[in-house]
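S.K.: Input file: coords-v1.csv. Contents: CSV, C-alpha atoms.
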```
chain,number,residue,atom,x,y,z
O,283,MET,CA,-7.9,-3.5,-21.0
O,284,LYS,CA,-4.8,-4.3,-19.0
O,285,HIS,CA,-5.0,-3.7,-15.3
O,286,LYS,CA,-2.6,-1.1,-13.9
O,287,LYS,CA,-0.5,-2.0,-10.9
O,288,ILE,CA,-0.2,0.0,-7.7
O,289,VAL,CA,2.5,-1.1,-5.3
O,290,PHE,CA,2.7,0.0,-1.7
O,291,VAL,CA,6.3,0.0,-0.3
O,292,CYS,CA,7.6,0.0,3.3
O,293,THR,CA,10.7,-1.5,4.9
O,294,GLY,CA,10.0,-5.1,5.6
O,295,ASN,CA,6.6,-5.7,3.8
O,296,THR,CA,5.1,-7.2,6.9
O,297,CYS,CA,3.3,-4.3,8.6
O,298,ARG,CA,2.3,-1.1,6.8
O,299,SER,CA,2.4,-2.0,3.1
O,300,PRO,CA,0.4,-5.2,3.5
O,301,MET,CA,-2.2,-3.3,5.5
O,302,ALA,CA,-2.3,-0.6,2.8
O,303,GLU,CA,-2.6,-3.2,0.1
O,304,ALA,CA,-5.6,-4.9,1.8
O,305,ALA,CA,-7.2,-1.5,2.7
O,306,LEU,CA,-7.0,-0.2,-0.9
O,307,LYS,CA,-8.2,-3.4,-2.4
O,308,ALA,CA,-11.2,-3.3,-0.2
O,309,GLU,CA,-11.9,0.4,-0.9
O,310,LEU,CA,-11.6,-0.1,-4.7
O,311,LYS,CA,-13.9,-3.1,-4.5
O,312,ARG,CA,-16.4,-1.0,-2.5
O,313,ARG,CA,-16.2,1.8,-5.1
O,314,LYS,CA,-16.5,-0.8,-8.0
O,315,ILE,CA,-13.1,0.2,-9.4
O,316,ALA,CA,-11.8,-2.9,-11.1
O,317,TRP,CA,-9.1,-1.8,-13.4
O,318,TYR,CA,-6.2,-1.8,-10.9
O,319,THR,CA,-4.1,-4.5,-9.2
O,320,VAL,CA,-2.8,-3.7,-5.8
O,321,GLN,CA,0.4,-5.3,-4.4
O,322,SER,CA,3.0,-4.5,-1.7
O,323,ALA,CA,6.7,-5.0,-1.3
O,324,GLY,CA,9.6,-4.0,1.0
O,325,LEU,CA,12.8,-2.2,0.5
O,326,ARG,CA,14.6,-4.7,2.9
O,327,ALA,CA,12.1,-7.5,3.1
O,328,HIS,CA,13.0,-11.0,4.2
O,329,VAL,CA,11.3,-12.7,1.3
O,330,GLY,CA,8.5,-15.1,2.3
O,331,SER,CA,7.9,-13.7,5.8
O,332,PRO,CA,4.3,-13.6,6.9
O,333,MET,CA,2.4,-10.4,7.8
O,334,THR,CA,2.8,-9.6,11.5
O,335,ALA,CA,0.1,-11.0,13.7
O,336,GLU,CA,-0.7,-7.4,14.8
O,337,SER,CA,-1.3,-6.3,11.2
O,338,ALA,CA,-3.5,-9.3,10.6
O,339,GLN,CA,-5.4,-8.6,13.9
O,340,ALA,CA,-5.9,-4.9,13.0
O,341,LEU,CA,-7.3,-5.9,9.5
O,342,THR,CA,-9.5,-8.6,11.0
O,343,GLU,CA,-10.9,-6.2,13.6
O,344,ALA,CA,-11.7,-3.7,10.8
O,345,LYS,CA,-13.3,-6.4,8.7
O,346,ILE,CA,-10.9,-5.8,5.8
O,347,PRO,CA,-10.2,-9.0,3.9
O,348,PHE,CA,-6.6,-10.1,3.3
O,349,SER,CA,-4.8,-13.2,2.2
O,350,GLN,CA,-3.9,-15.5,5.1
O,351,ALA,CA,-1.2,-16.8,2.8
O,352,PHE,CA,0.5,-13.4,2.5
O,353,LYS,CA,4.3,-13.6,2.1
O,354,SER,CA,6.6,-10.6,2.0
O,355,ARG,CA,8.2,-9.6,-1.3
O,356,LEU,CA,11.4,-7.6,-2.0
O,357,LEU,CA,10.8,-4.5,-4.2
O,358,THR,CA,12.6,-5.0,-7.5
O,359,GLU,CA,13.4,-2.6,-10.3
O,360,LYS,CA,11.2,-4.7,-12.6
O,361,THR,CA,8.2,-4.3,-10.2
O,362,VAL,CA,8.8,-0.5,-10.1
O,363,MET,CA,9.1,-0.3,-13.9
O,364,GLU,CA,5.8,-2.3,-14.4
O,365,ALA,CA,3.8,-0.2,-11.9
O,366,PHE,CA,1.4,2.6,-12.6
O,367,ALA,CA,2.3,4.0,-9.2
O,368,VAL,CA,4.7,3.0,-6.4
O,369,VAL,CA,3.5,4.5,-3.1
O,370,CYS,CA,6.1,4.7,-0.3
O,371,MET,CA,5.0,5.0,3.4
O,372,THR,CA,7.6,7.7,4.1
O,373,GLU,CA,9.6,10.4,2.3
O,374,ASP,CA,12.8,8.7,3.2
O,375,GLN,CA,11.7,5.6,1.4
O,376,ARG,CA,10.7,7.6,-1.6
O,377,GLU,CA,14.1,9.2,-1.6
O,378,THR,CA,15.8,5.8,-1.9
O,379,LEU,CA,13.8,5.3,-5.2
O,380,LYS,CA,14.4,8.7,-6.7
O,381,GLY,CA,14.9,8.7,-10.4
O,382,PHE,CA,11.7,6.8,-11.1
O,383,THR,CA,8.9,9.0,-12.2
O,384,ASN,CA,6.1,6.7,-10.9
O,385,VAL,CA,7.3,6.7,-7.3
O,386,THR,CA,5.5,8.8,-4.8
O,387,SER,CA,4.7,8.8,-1.1
O,388,MET,CA,1.8,8.7,1.2
O,389,SER,CA,2.8,12.2,2.4
O,390,ALA,CA,2.7,13.6,-1.2
O,391,LEU,CA,-0.7,11.9,-1.8
O,392,THR,CA,-2.4,12.3,1.5
O,393,GLY,CA,-0.5,14.9,3.5
O,394,ARG,CA,0.7,12.4,6.1
O,395,GLU,CA,3.5,9.8,6.5
O,396,VAL,CA,2.8,6.4,7.8
O,397,PRO,CA,5.2,5.6,10.7
O,398,ASP,CA,6.4,2.1,11.3
O,399,PRO,CA,4.4,0.4,14.1
O,400,TYR,CA,6.8,-2.6,14.3
O,401,GLY,CA,7.3,-3.8,17.8
O,402,GLN,CA,4.9,-1.2,19.4
O,403,GLY,CA,1.9,-3.4,20.2
O,404,ILE,CA,-1.6,-3.7,18.7
O,405,ASP,CA,-2.7,-0.1,19.4
O,406,ALA,CA,0.1,1.2,17.2
O,407,TYR,CA,-1.1,-1.1,14.4
O,408,ARG,CA,-4.7,0.0,14.8
O,409,ALA,CA,-3.5,3.6,14.6
O,410,THR,CA,-1.5,2.8,11.5
O,411,LEU,CA,-4.4,1.2,9.8
O,412,ARG,CA,-6.7,4.1,10.7
O,413,ASN,CA,-4.0,6.5,9.3
O,414,LEU,CA,-3.9,4.5,6.0
O,415,ARG,CA,-7.7,4.3,5.7
O,416,GLU,CA,-8.2,7.9,6.4
O,417,GLY,CA,-5.8,8.8,3.6
O,418,LEU,CA,-7.4,6.5,1.0
O,419,PRO,CA,-9.9,9.0,-0.4
O,420,ARG,CA,-7.2,11.5,-1.1
O,421,LEU,CA,-4.9,8.8,-2.5
O,422,ILE,CA,-7.6,7.6,-4.9
O,423,GLU,CA,-8.3,11.2,-5.9
O,424,ASN,CA,-4.7,12.3,-6.4
O,425,LEU,CA,-3.8,9.1,-8.4
O,426,GLY,CA,-6.9,9.5,-10.5
O,427,LEU,CA,-8.0,6.0,-9.7
O,428,GLU,CA,-11.7,6.6,-10.2
O,429,THR,CA,-11.2,7.6,-13.8
O,430,LYS,CA,-10.9,4.6,-16.0
O,431,GLN,CA,-7.6,4.9,-17.9
O,432,GLU,CA,-6.7,3.7,-21.3
O,433,ASN,CA,-3.5,1.7,-21.9
```
Here is the file; what I need is its structure written in the form of C-alpha coordinates.
M.R.:
Amino acid sequence: MKHKKIVFVCTGNTCRSPMAEAALKAELKRRKIAWYTVQSAGLRAHVGSPMTAESAQALTEAKIPFSQAFKSRLLTEKTVMEAFAVVCMTEDQRETLKGFTNVTSMSALTGREVPDPYGQGIDAYRATLRNLREGLPRLIENLGLETKQEN
(Lines of atoms letter the chains of each structure in order from A and count residues from 1; the text may use other names and numbers.)
(Lines give C-alpha, C1' and ligand atoms only; values in the text may rest on other atoms or scores of the structure.)
Protein backbone atom coordinates (compact mmCIF):
# COMPACT_ATOMS: atom_id res chain seq x y z
CA MET A 1 0.00 0.00 0.00
CA LYS A 2 1.26 3.45 -0.91
CA HIS A 3 1.89 5.89 1.92
CA LYS A 4 -0.33 8.97 1.98
CA LYS A 5 1.36 12.32 2.46
CA ILE A 6 0.45 14.98 5.02
CA VAL A 7 2.08 18.38 4.51
CA PHE A 8 2.17 21.08 7.18
CA VAL A 9 2.40 24.61 5.80
CA CYS A 10 3.51 27.89 7.35
CA THR A 11 5.18 30.98 5.95
CA GLY A 12 8.91 30.25 5.97
CA ASN A 13 9.09 26.54 6.87
CA THR A 14 11.61 27.18 9.64
CA CYS A 15 9.43 27.38 12.80
CA ARG A 16 5.86 26.09 13.02
CA SER A 17 5.59 23.61 10.17
CA PRO A 18 8.86 21.78 10.94
CA MET A 19 7.79 21.47 14.59
CA ALA A 20 4.36 20.19 13.48
CA GLU A 21 6.06 17.72 11.12
CA ALA A 22 8.31 16.35 13.88
CA ALA A 23 5.50 16.24 16.47
CA LEU A 24 3.08 14.38 14.18
CA LYS A 25 5.77 11.92 13.08
CA ALA A 26 6.52 11.14 16.72
CA GLU A 27 2.83 10.78 17.62
CA LEU A 28 2.09 8.52 14.64
CA LYS A 29 5.07 6.35 15.58
CA ARG A 30 3.86 6.19 19.19
CA ARG A 31 0.43 5.08 17.95
CA LYS A 32 2.01 2.62 15.49
CA ILE A 33 0.37 4.37 12.51
CA ALA A 34 2.77 3.68 9.66
CA TRP A 35 0.81 4.42 6.51
CA TYR A 36 1.45 8.19 6.32
CA THR A 37 4.44 10.29 5.35
CA VAL A 38 4.69 13.69 7.04
CA GLN A 39 6.45 16.68 5.49
CA SER A 40 6.40 20.45 5.77
CA ALA A 41 6.78 23.39 3.41
CA GLY A 42 6.48 27.17 3.36
CA LEU A 43 4.45 29.57 1.30
CA ARG A 44 7.41 31.99 1.13
CA ALA A 45 10.28 29.76 2.22
CA HIS A 46 13.89 30.56 1.44
CA VAL A 47 14.72 27.09 0.12
CA GLY A 48 17.45 25.33 2.07
CA SER A 49 17.22 27.41 5.25
CA PRO A 50 17.68 25.47 8.49
CA MET A 51 15.05 25.15 11.19
CA THR A 52 15.35 28.00 13.69
CA ALA A 53 17.53 27.28 16.69
CA GLU A 54 14.53 27.94 18.95
CA SER A 55 12.39 25.36 17.12
CA ALA A 56 15.18 22.81 17.43
CA GLN A 57 15.61 23.66 21.12
CA ALA A 58 11.87 23.30 21.84
CA LEU A 59 11.76 19.92 20.09
CA THR A 60 14.90 18.74 21.89
CA GLU A 61 13.50 19.79 25.28
CA ALA A 62 10.30 17.87 24.50
CA LYS A 63 12.35 14.82 23.44
CA ILE A 64 10.78 14.86 19.97
CA PRO A 65 13.17 13.53 17.32
CA PHE A 66 13.80 15.63 14.22
CA SER A 67 16.30 15.74 11.40
CA GLN A 68 19.36 17.84 12.22
CA ALA A 69 19.75 18.17 8.44
CA PHE A 70 16.30 19.77 8.01
CA LYS A 71 16.14 22.27 5.14
CA SER A 72 13.14 24.45 4.34
CA ARG A 73 11.10 23.75 1.22
CA LEU A 74 8.82 25.92 -0.85
CA LEU A 75 5.28 24.62 -1.22
CA THR A 76 4.62 23.70 -4.84
CA GLU A 77 1.42 22.88 -6.67
CA LYS A 78 2.82 19.40 -7.28
CA THR A 79 3.28 18.89 -3.52
CA VAL A 80 -0.29 20.00 -2.86
CA MET A 81 -1.67 17.75 -5.61
CA GLU A 82 0.24 14.70 -4.30
CA ALA A 83 -0.83 15.19 -0.68
CA PHE A 84 -3.62 13.45 1.17
CA ALA A 85 -3.92 16.57 3.35
CA VAL A 86 -2.24 19.98 3.40
CA VAL A 87 -2.58 21.54 6.85
CA CYS A 88 -1.97 25.29 7.13
CA MET A 89 -1.07 26.91 10.44
CA THR A 90 -3.57 29.77 9.94
CA GLU A 91 -6.81 30.49 8.09
CA ASP A 92 -5.06 33.24 6.11
CA GLN A 93 -2.59 30.68 4.78
CA ARG A 94 -5.43 28.31 3.92
CA GLU A 95 -7.14 31.14 2.02
CA THR A 96 -4.08 31.55 -0.21
CA LEU A 97 -4.53 27.91 -1.25
CA LYS A 98 -8.28 27.93 -1.77
CA GLY A 99 -9.40 25.89 -4.72
CA PHE A 100 -7.62 22.75 -3.52
CA THR A 101 -10.01 20.31 -1.85
CA ASN A 102 -7.27 18.71 0.27
CA VAL A 103 -6.17 21.95 1.95
CA THR A 104 -7.33 22.62 5.50
CA SER A 105 -6.06 24.45 8.56
CA MET A 106 -5.13 23.76 12.15
CA SER A 107 -8.12 25.88 13.15
CA ALA A 108 -10.52 23.71 11.14
CA LEU A 109 -9.02 20.50 12.53
CA THR A 110 -8.19 21.44 16.11
CA GLY A 111 -10.15 24.61 16.86
CA ARG A 112 -7.03 26.75 17.19
CA GLU A 113 -4.66 28.61 14.92
CA VAL A 114 -0.91 28.39 15.40
CA PRO A 115 0.55 31.92 15.56
CA ASP A 116 4.06 32.55 14.26
CA PRO A 117 6.66 32.61 17.07
CA TYR A 118 9.43 33.96 14.81
CA GLY A 119 11.66 36.43 16.64
CA GLN A 120 9.81 36.14 19.96
CA GLY A 121 12.26 34.07 22.01
CA ILE A 122 12.29 30.50 23.24
CA ASP A 123 9.16 30.74 25.41
CA ALA A 124 7.05 31.56 22.34
CA TYR A 125 8.47 28.50 20.57
CA ARG A 126 7.74 26.29 23.56
CA ALA A 127 4.16 27.63 23.60
CA THR A 128 3.85 26.99 19.85
CA LEU A 129 5.03 23.39 20.23
CA ARG A 130 2.64 22.88 23.16
CA ASN A 131 -0.22 24.29 21.02
CA LEU A 132 0.69 21.91 18.18
CA ARG A 133 0.99 18.87 20.44
CA GLU A 134 -2.27 19.56 22.23
CA GLY A 135 -4.04 19.69 18.87
CA LEU A 136 -2.64 16.42 17.51
CA PRO A 137 -5.31 14.08 18.93
CA ARG A 138 -8.08 16.11 17.25
CA LEU A 139 -6.05 16.45 14.03
CA ILE A 140 -5.51 12.67 13.91
CA GLU A 141 -9.19 12.04 14.61
CA ASN A 142 -10.52 14.64 12.15
CA LEU A 143 -8.24 13.49 9.33
CA GLY A 144 -9.11 9.85 10.08
CA LEU A 145 -5.45 8.89 10.39
CA GLU A 146 -6.02 5.94 12.71
CA THR A 147 -8.12 4.18 10.08
CA LYS A 148 -5.92 2.43 7.56
CA GLN A 149 -7.03 3.74 4.19
CA GLU A 150 -6.94 1.96 0.89
CA ASN A 151 -5.43 3.59 -2.20
S.K.: I want to know what sits within 9 Å of stretch 410-420 of chain O, based on all atoms listed in the file, with residues of the same chain fewer than 2 positions away left out; could you give that as a list in words?
M.R.: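 These residues fall inside the cut-off: Arg298, Met301, Ala302, Ala305, Leu306, Glu309, Ser337, Ala340, Leu341, Ala344, Met388, Leu391, Thr392, Gly393, Arg394, Glu395, Val396, Pro397, Asp398, Pro399, Asp405, Ala406, Tyr407, Arg408, Ile422, Glu423, Asn424 and Leu425 of chain O.
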S.K.: Report the distance between atom CA of O:Glu373 and atom CA of O:Pro347 in Å, rounded to one decimal place.
M.R.: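 Interatomic distance here is 27.8 Å.
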S.K.: Mind pulling up the distance from atom CA of O:Lys307 to atom CA of O:Phe348?
M.R.: 8.9 Å
S.K.: Find, counting all atoms listed in the file, the residue in O:Ser387, O:Ala365, O:Ala351, O:Glu336 that gets nearest to O:Lys284.
M.R.: O:Ala365
S.K.: Closest to O:Ser331 among O:Thr361, O:Thr383, O:Ser349, O:Thr296, using all atoms listed in the file?
M.R.: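 Of all the options, O:Thr296 lies closest to O:Ser331.
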S.K.: Which residue, O:Met371, O:Val320, O:Ile315, O:Val362, has the smallest gap to O:Gly294 when you use only C-alpha atoms?
M.R.: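 Among the listed residues, the smallest separation from O:Gly294 belongs to O:Met371.
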S.K.: Measuring between all atoms listed in the file, which one of O:Leu379, O:Met363, O:Val385, O:Ala338 shows the shortest distance to O:Pro300?
M.R.: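 Result for the nearest residue to O:Pro300: O:Ala338.
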S.K.: Have a look at atom CA of O:Arg313 and atom CA of O:Gly426 and let me know their distance in Å, one decimal.
M.R.: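 Separating atom CA of O:Arg313 from atom CA of O:Gly426 is a distance of 13.2 Å.
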S.K.: For O:Ala316, which of O:Lys286, O:Lys360, O:Gln350, O:Thr386 is the closest residue, counting all atoms listed in the file?
M.R.: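 So, comparing all the options, the nearest one is O:Lys286.
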S.K.: For stretch 355-378 of chain O, supply N, CA and C atoms and report the output as an mmCIF file, in the coordinates of the input.
M.R.:
```
data_model
loop_
_atom_site.group_PDB
_atom_site.id
_atom_site.type_symbol
_atom_site.label_atom_id
_atom_site.label_comp_id
_atom_site.auth_asym_id
_atom_site.auth_seq_id
_atom_site.Cartn_x
_atom_site.Cartn_y
_atom_site.Cartn_z
ATOM 1 N N ARG O 355 7.488 -9.613 -0.023
ATOM 2 C CA ARG O 355 8.200 -9.600 -1.300
ATOM 3 C C ARG O 355 9.261 -8.439 -1.207
ATOM 4 N N LEU O 356 10.348 -8.624 -1.894
ATOM 5 C CA LEU O 356 11.400 -7.600 -2.000
ATOM 6 C C LEU O 356 11.022 -6.742 -3.236
ATOM 7 N N LEU O 357 11.074 -5.426 -3.087
ATOM 8 C CA LEU O 357 10.800 -4.500 -4.200
ATOM 9 C C LEU O 357 11.969 -4.699 -5.225
ATOM 10 N N THR O 358 11.607 -4.916 -6.479
ATOM 11 C CA THR O 358 12.600 -5.000 -7.500
ATOM 12 C C THR O 358 12.445 -3.902 -8.536
ATOM 13 N N GLU O 359 13.478 -3.650 -9.288
ATOM 14 C CA GLU O 359 13.400 -2.600 -10.300
ATOM 15 C C GLU O 359 12.311 -2.983 -11.332
ATOM 16 N N LYS O 360 12.187 -4.269 -11.645
ATOM 17 C CA LYS O 360 11.200 -4.700 -12.600
ATOM 18 C C LYS O 360 9.761 -4.369 -12.056
ATOM 19 N N THR O 361 9.526 -4.587 -10.762
ATOM 20 C CA THR O 361 8.200 -4.300 -10.200
ATOM 21 C C THR O 361 7.958 -2.761 -10.282
ATOM 22 N N VAL O 362 8.969 -1.952 -9.997
ATOM 23 C CA VAL O 362 8.800 -0.500 -10.100
ATOM 24 C C VAL O 362 8.492 -0.110 -11.541
ATOM 25 N N MET O 363 9.224 -0.665 -12.484
ATOM 26 C CA MET O 363 9.100 -0.300 -13.900
ATOM 27 C C MET O 363 7.671 -0.712 -14.424
ATOM 28 N N GLU O 364 7.119 -1.808 -13.914
ATOM 29 C CA GLU O 364 5.800 -2.300 -14.400
ATOM 30 C C GLU O 364 4.636 -1.583 -13.718
ATOM 31 N N ALA O 365 4.888 -0.835 -12.656
ATOM 32 C CA ALA O 365 3.800 -0.200 -11.900
ATOM 33 C C ALA O 365 3.315 1.076 -12.470
ATOM 34 N N PHE O 366 2.025 1.305 -12.307
ATOM 35 C CA PHE O 366 1.400 2.600 -12.600
ATOM 36 C C PHE O 366 1.885 3.589 -11.536
ATOM 37 N N ALA O 367 1.854 3.149 -10.265
ATOM 38 C CA ALA O 367 2.300 4.000 -9.200
ATOM 39 C C ALA O 367 2.916 3.133 -8.066
ATOM 40 N N VAL O 368 4.028 3.620 -7.524
ATOM 41 C CA VAL O 368 4.700 3.000 -6.400
ATOM 42 C C VAL O 368 4.547 4.019 -5.240
ATOM 43 N N VAL O 369 3.873 3.604 -4.174
ATOM 44 C CA VAL O 369 3.500 4.500 -3.100
ATOM 45 C C VAL O 369 4.326 4.088 -1.828
ATOM 46 N N CYS O 370 5.283 4.915 -1.434
ATOM 47 C CA CYS O 370 6.100 4.700 -0.300
ATOM 48 C C CYS O 370 5.418 5.199 0.990
ATOM 49 N N MET O 371 5.648 4.542 2.110
ATOM 50 C CA MET O 371 5.000 5.000 3.400
ATOM 51 C C MET O 371 5.656 6.252 3.901
ATOM 52 N N THR O 372 6.943 6.499 3.595
ATOM 53 C CA THR O 372 7.600 7.700 4.100
ATOM 54 C C THR O 372 8.398 8.387 2.979
ATOM 55 N N GLU O 373 8.736 9.641 3.231
ATOM 56 C CA GLU O 373 9.600 10.400 2.300
ATOM 57 C C GLU O 373 10.963 9.804 2.176
ATOM 58 N N ASP O 374 11.507 9.309 3.283
ATOM 59 C CA ASP O 374 12.800 8.700 3.200
ATOM 60 C C ASP O 374 12.849 7.488 2.296
ATOM 61 N N GLN O 375 11.795 6.698 2.333
ATOM 62 C CA GLN O 375 11.700 5.600 1.400
ATOM 63 C C GLN O 375 11.596 6.028 -0.022
ATOM 64 N N ARG O 376 10.809 7.069 -0.240
ATOM 65 C CA ARG O 376 10.700 7.600 -1.600
ATOM 66 C C ARG O 376 12.045 8.101 -2.098
ATOM 67 N N GLU O 377 12.808 8.715 -1.233
ATOM 68 C CA GLU O 377 14.100 9.200 -1.600
ATOM 69 C C GLU O 377 15.051 8.097 -2.089
ATOM 70 N N THR O 378 14.922 6.911 -1.508
ATOM 71 C CA THR O 378 15.800 5.800 -1.900
ATOM 72 C C THR O 378 15.426 5.332 -3.345
#
```
